[in-house]
Amino acid sequence: RQILLVNGPNLNLLGTREPEIYGTSTLADVEALTSRTASEFGLTVGAVQSNHEGVLIDAIHAAREDCAAIIINPGGLTHTSVVLRDALSGVSLPVAEVHLSNVHAREPFRQHSYVSPVAAFVIAGCGVQGYDFAVRRIAALLAA
Ligand code: DQA
């Protein structure tokens, strides 16, 4: 079974973008780590990153066909996007919301998420390891 891994706007810059907040791992590292953990559970990963909301929504809709769960770091869309949330709730797959940074310890505008109410769980502040944790929890949910 396949997990859709979605990374939102600006996460293509991982590794060079505010490394004191987001670390030095690249998006390629994140995608490789996620796939490696998934393979421990016999799961595969399809990865998409886009700076365009509509591209993310199309990928989420397509996941209905071939995915069992979604891991998403929506980036700044976390705090702004009703349409992204509606796409996630519309496909009724388990959703893991991941943030590299501890959004609750940052600016007030990062402390509200449109996505969290439709997520099965939320991981924040664990850096890239959060994606590893998310896969492990998804595997447990799928096995239950
Ligand atoms: C982020 C946190 C968001 O507030 C921010 O806009 C991002 C990255 C994180 O992974 O910590 O782009 O989702």
# chains A, B, ... in the order shown; residues from 1 in each chain; ligands from 1

call {"tool": "residues_near_ligand", "arguments": {"ligand": "ligand 1", "cutoff": "9 Å", "atoms": "only C-alpha atoms and all ligand atoms", "output": "ChimeraX atom specification"}}
result
/A:7-11,21-22,73-79,97-103,106-107,109-111,124-125,127-128

call {"tool": "select_by_dssp", "arguments": {"residues": "chain A", "states": "strand (DSSP E)", "output": "ChimeraX atom specification"}}
result
/A:2-7,44-49,69-73,95-99,121-124

call {"tool": "write_last_selection", "arguments": {"atoms": "C-alpha atoms", "output": "CSV table (one decimal), in the first residue's frame"}}
result
chain,number,residue,atom,x,y,z
A,2,GLN,CA,1.1,3.5,-0.7
A,3,ILE,CA,1.3,6.7,1.4
A,4,LEU,CA,1.1,10.1,-0.3
A,5,LEU,CA,3.7,12.5,1.1
A,6,VAL,CA,2.8,16.1,0.5
A,7,ASN,CA,5.1,19.0,1.1
A,44,THR,CA,5.6,2.7,-0.5
A,45,VAL,CA,5.6,6.5,-0.8
A,46,GLY,CA,4.5,8.8,-3.6
A,47,ALA,CA,5.9,12.3,-3.0
A,48,VAL,CA,4.7,15.6,-4.2
A,49,GLN,CA,6.0,19.1,-3.4
A,69,ALA,CA,-3.0,7.5,3.9
A,70,ILE,CA,-1.6,11.0,3.5
A,71,ILE,CA,1.4,12.6,5.3
A,72,ILE,CA,1.3,16.4,4.8
A,73,ASN,CA,3.5,19.3,5.8
A,95,VAL,CA,-4.0,12.3,7.5
A,96,ALA,CA,-0.8,13.0,9.4
A,97,GLU,CA,0.0,16.7,9.8
A,98,VAL,CA,3.8,17.2,10.2
A,99,HIS,CA,5.7,20.4,11.0
A,121,PHE,CA,-2.6,13.2,14.5
A,122,VAL,CA,-0.2,16.1,14.4
A,123,ILE,CA,3.6,16.1,14.9
A,124,ALA,CA,5.5,19.4,15.4

call {"tool": "select_by_dssp", "arguments": {"residues": "chain A", "states": "helix (DSSP H, G or I)", "output": "JSON, numbers by chain"}}
result
{"A": [11, 12, 13, 19, 20, 21, 22, 27, 28, 29, 30, 31, 32, 33, 34, 35, 36, 37, 38, 39, 40, 53, 54, 55, 56, 57, 58, 59, 60, 61, 62, 63, 64, 65, 66, 75, 76, 77, 78, 79, 82, 83, 84, 85, 86, 87, 88, 89, 90, 91, 103, 104, 105, 108, 109, 110, 116, 117, 118, 129, 130, 131, 132, 133, 134, 135, 136, 137, 138, 139, 140, 141, 142, 143]}

call {"tool": "atom_distance", "arguments": {"atom1": "atom CA of A:Asp29", "atom2": "atom CA of A:Ser92"}}
result
28.2 Å

call {"tool": "atom_distance", "arguments": {"atom1": "atom CA of A:Arg137", "atom2": "atom CA of A:Ser89"}}
result
18.9 Å

call {"tool": "closest_residue", "arguments": {"among": "A:Leu13, A:Val91, A:Leu56, A:Ala134", "to": "A:Ser35", "atoms": "only C-alpha atoms"}}
result
A:Ala134

call {"tool": "decode", "arguments": {"residues": "stretch 83-95 of chain A", "atoms": "N, CA and C atoms", "output": "short mmCIF file (atom, residue, chain, number, x, y, z; two decimals), in the first residue's frame"}}
result
data_model
loop_
_atom_site.label_atom_id
_atom_site.label_comp_id
_atom_site.auth_asym_id
_atom_site.auth_seq_id
_atom_site.Cartn_x
_atom_site.Cartn_y
_atom_site.Cartn_z
N VAL A 83 -9.38 25.60 1.54
CA VAL A 83 -9.54 24.67 0.42
C VAL A 83 -8.65 23.43 0.57
N LEU A 84 -7.47 23.60 1.15
CA LEU A 84 -6.60 22.44 1.39
C LEU A 84 -7.24 21.52 2.43
N ARG A 85 -7.75 22.11 3.48
CA ARG A 85 -8.44 21.32 4.50
C ARG A 85 -9.63 20.58 3.90
N ASP A 86 -10.41 21.26 3.06
CA ASP A 86 -11.58 20.62 2.46
C ASP A 86 -11.17 19.46 1.57
N ALA A 87 -10.04 19.61 0.87
CA ALA A 87 -9.55 18.50 0.03
C ALA A 87 -9.19 17.31 0.91
N LEU A 88 -8.52 17.57 2.02
CA LEU A 88 -8.10 16.47 2.90
C LEU A 88 -9.31 15.79 3.52
N SER A 89 -10.28 16.56 3.99
CA SER A 89 -11.45 15.90 4.58
C SER A 89 -12.29 15.23 3.51
N GLY A 90 -12.22 15.75 2.28
CA GLY A 90 -13.03 15.20 1.19
C GLY A 90 -12.61 13.82 0.73
N VAL A 91 -11.34 13.47 0.90
CA VAL A 91 -10.89 12.17 0.39
C VAL A 91 -11.00 11.07 1.45
N SER A 92 -11.32 11.45 2.68
CA SER A 92 -11.48 10.51 3.80
C SER A 92 -10.42 9.41 3.88
N LEU A 93 -9.16 9.83 3.81
CA LEU A 93 -8.02 8.96 4.14
C LEU A 93 -7.43 9.48 5.46
N PRO A 94 -6.78 8.60 6.25
CA PRO A 94 -6.11 9.12 7.44
C PRO A 94 -5.00 10.11 7.06
N VAL A 95 -4.98 11.23 7.77
CA VAL A 95 -4.03 12.32 7.48
C VAL A 95 -3.12 12.54 8.67
#
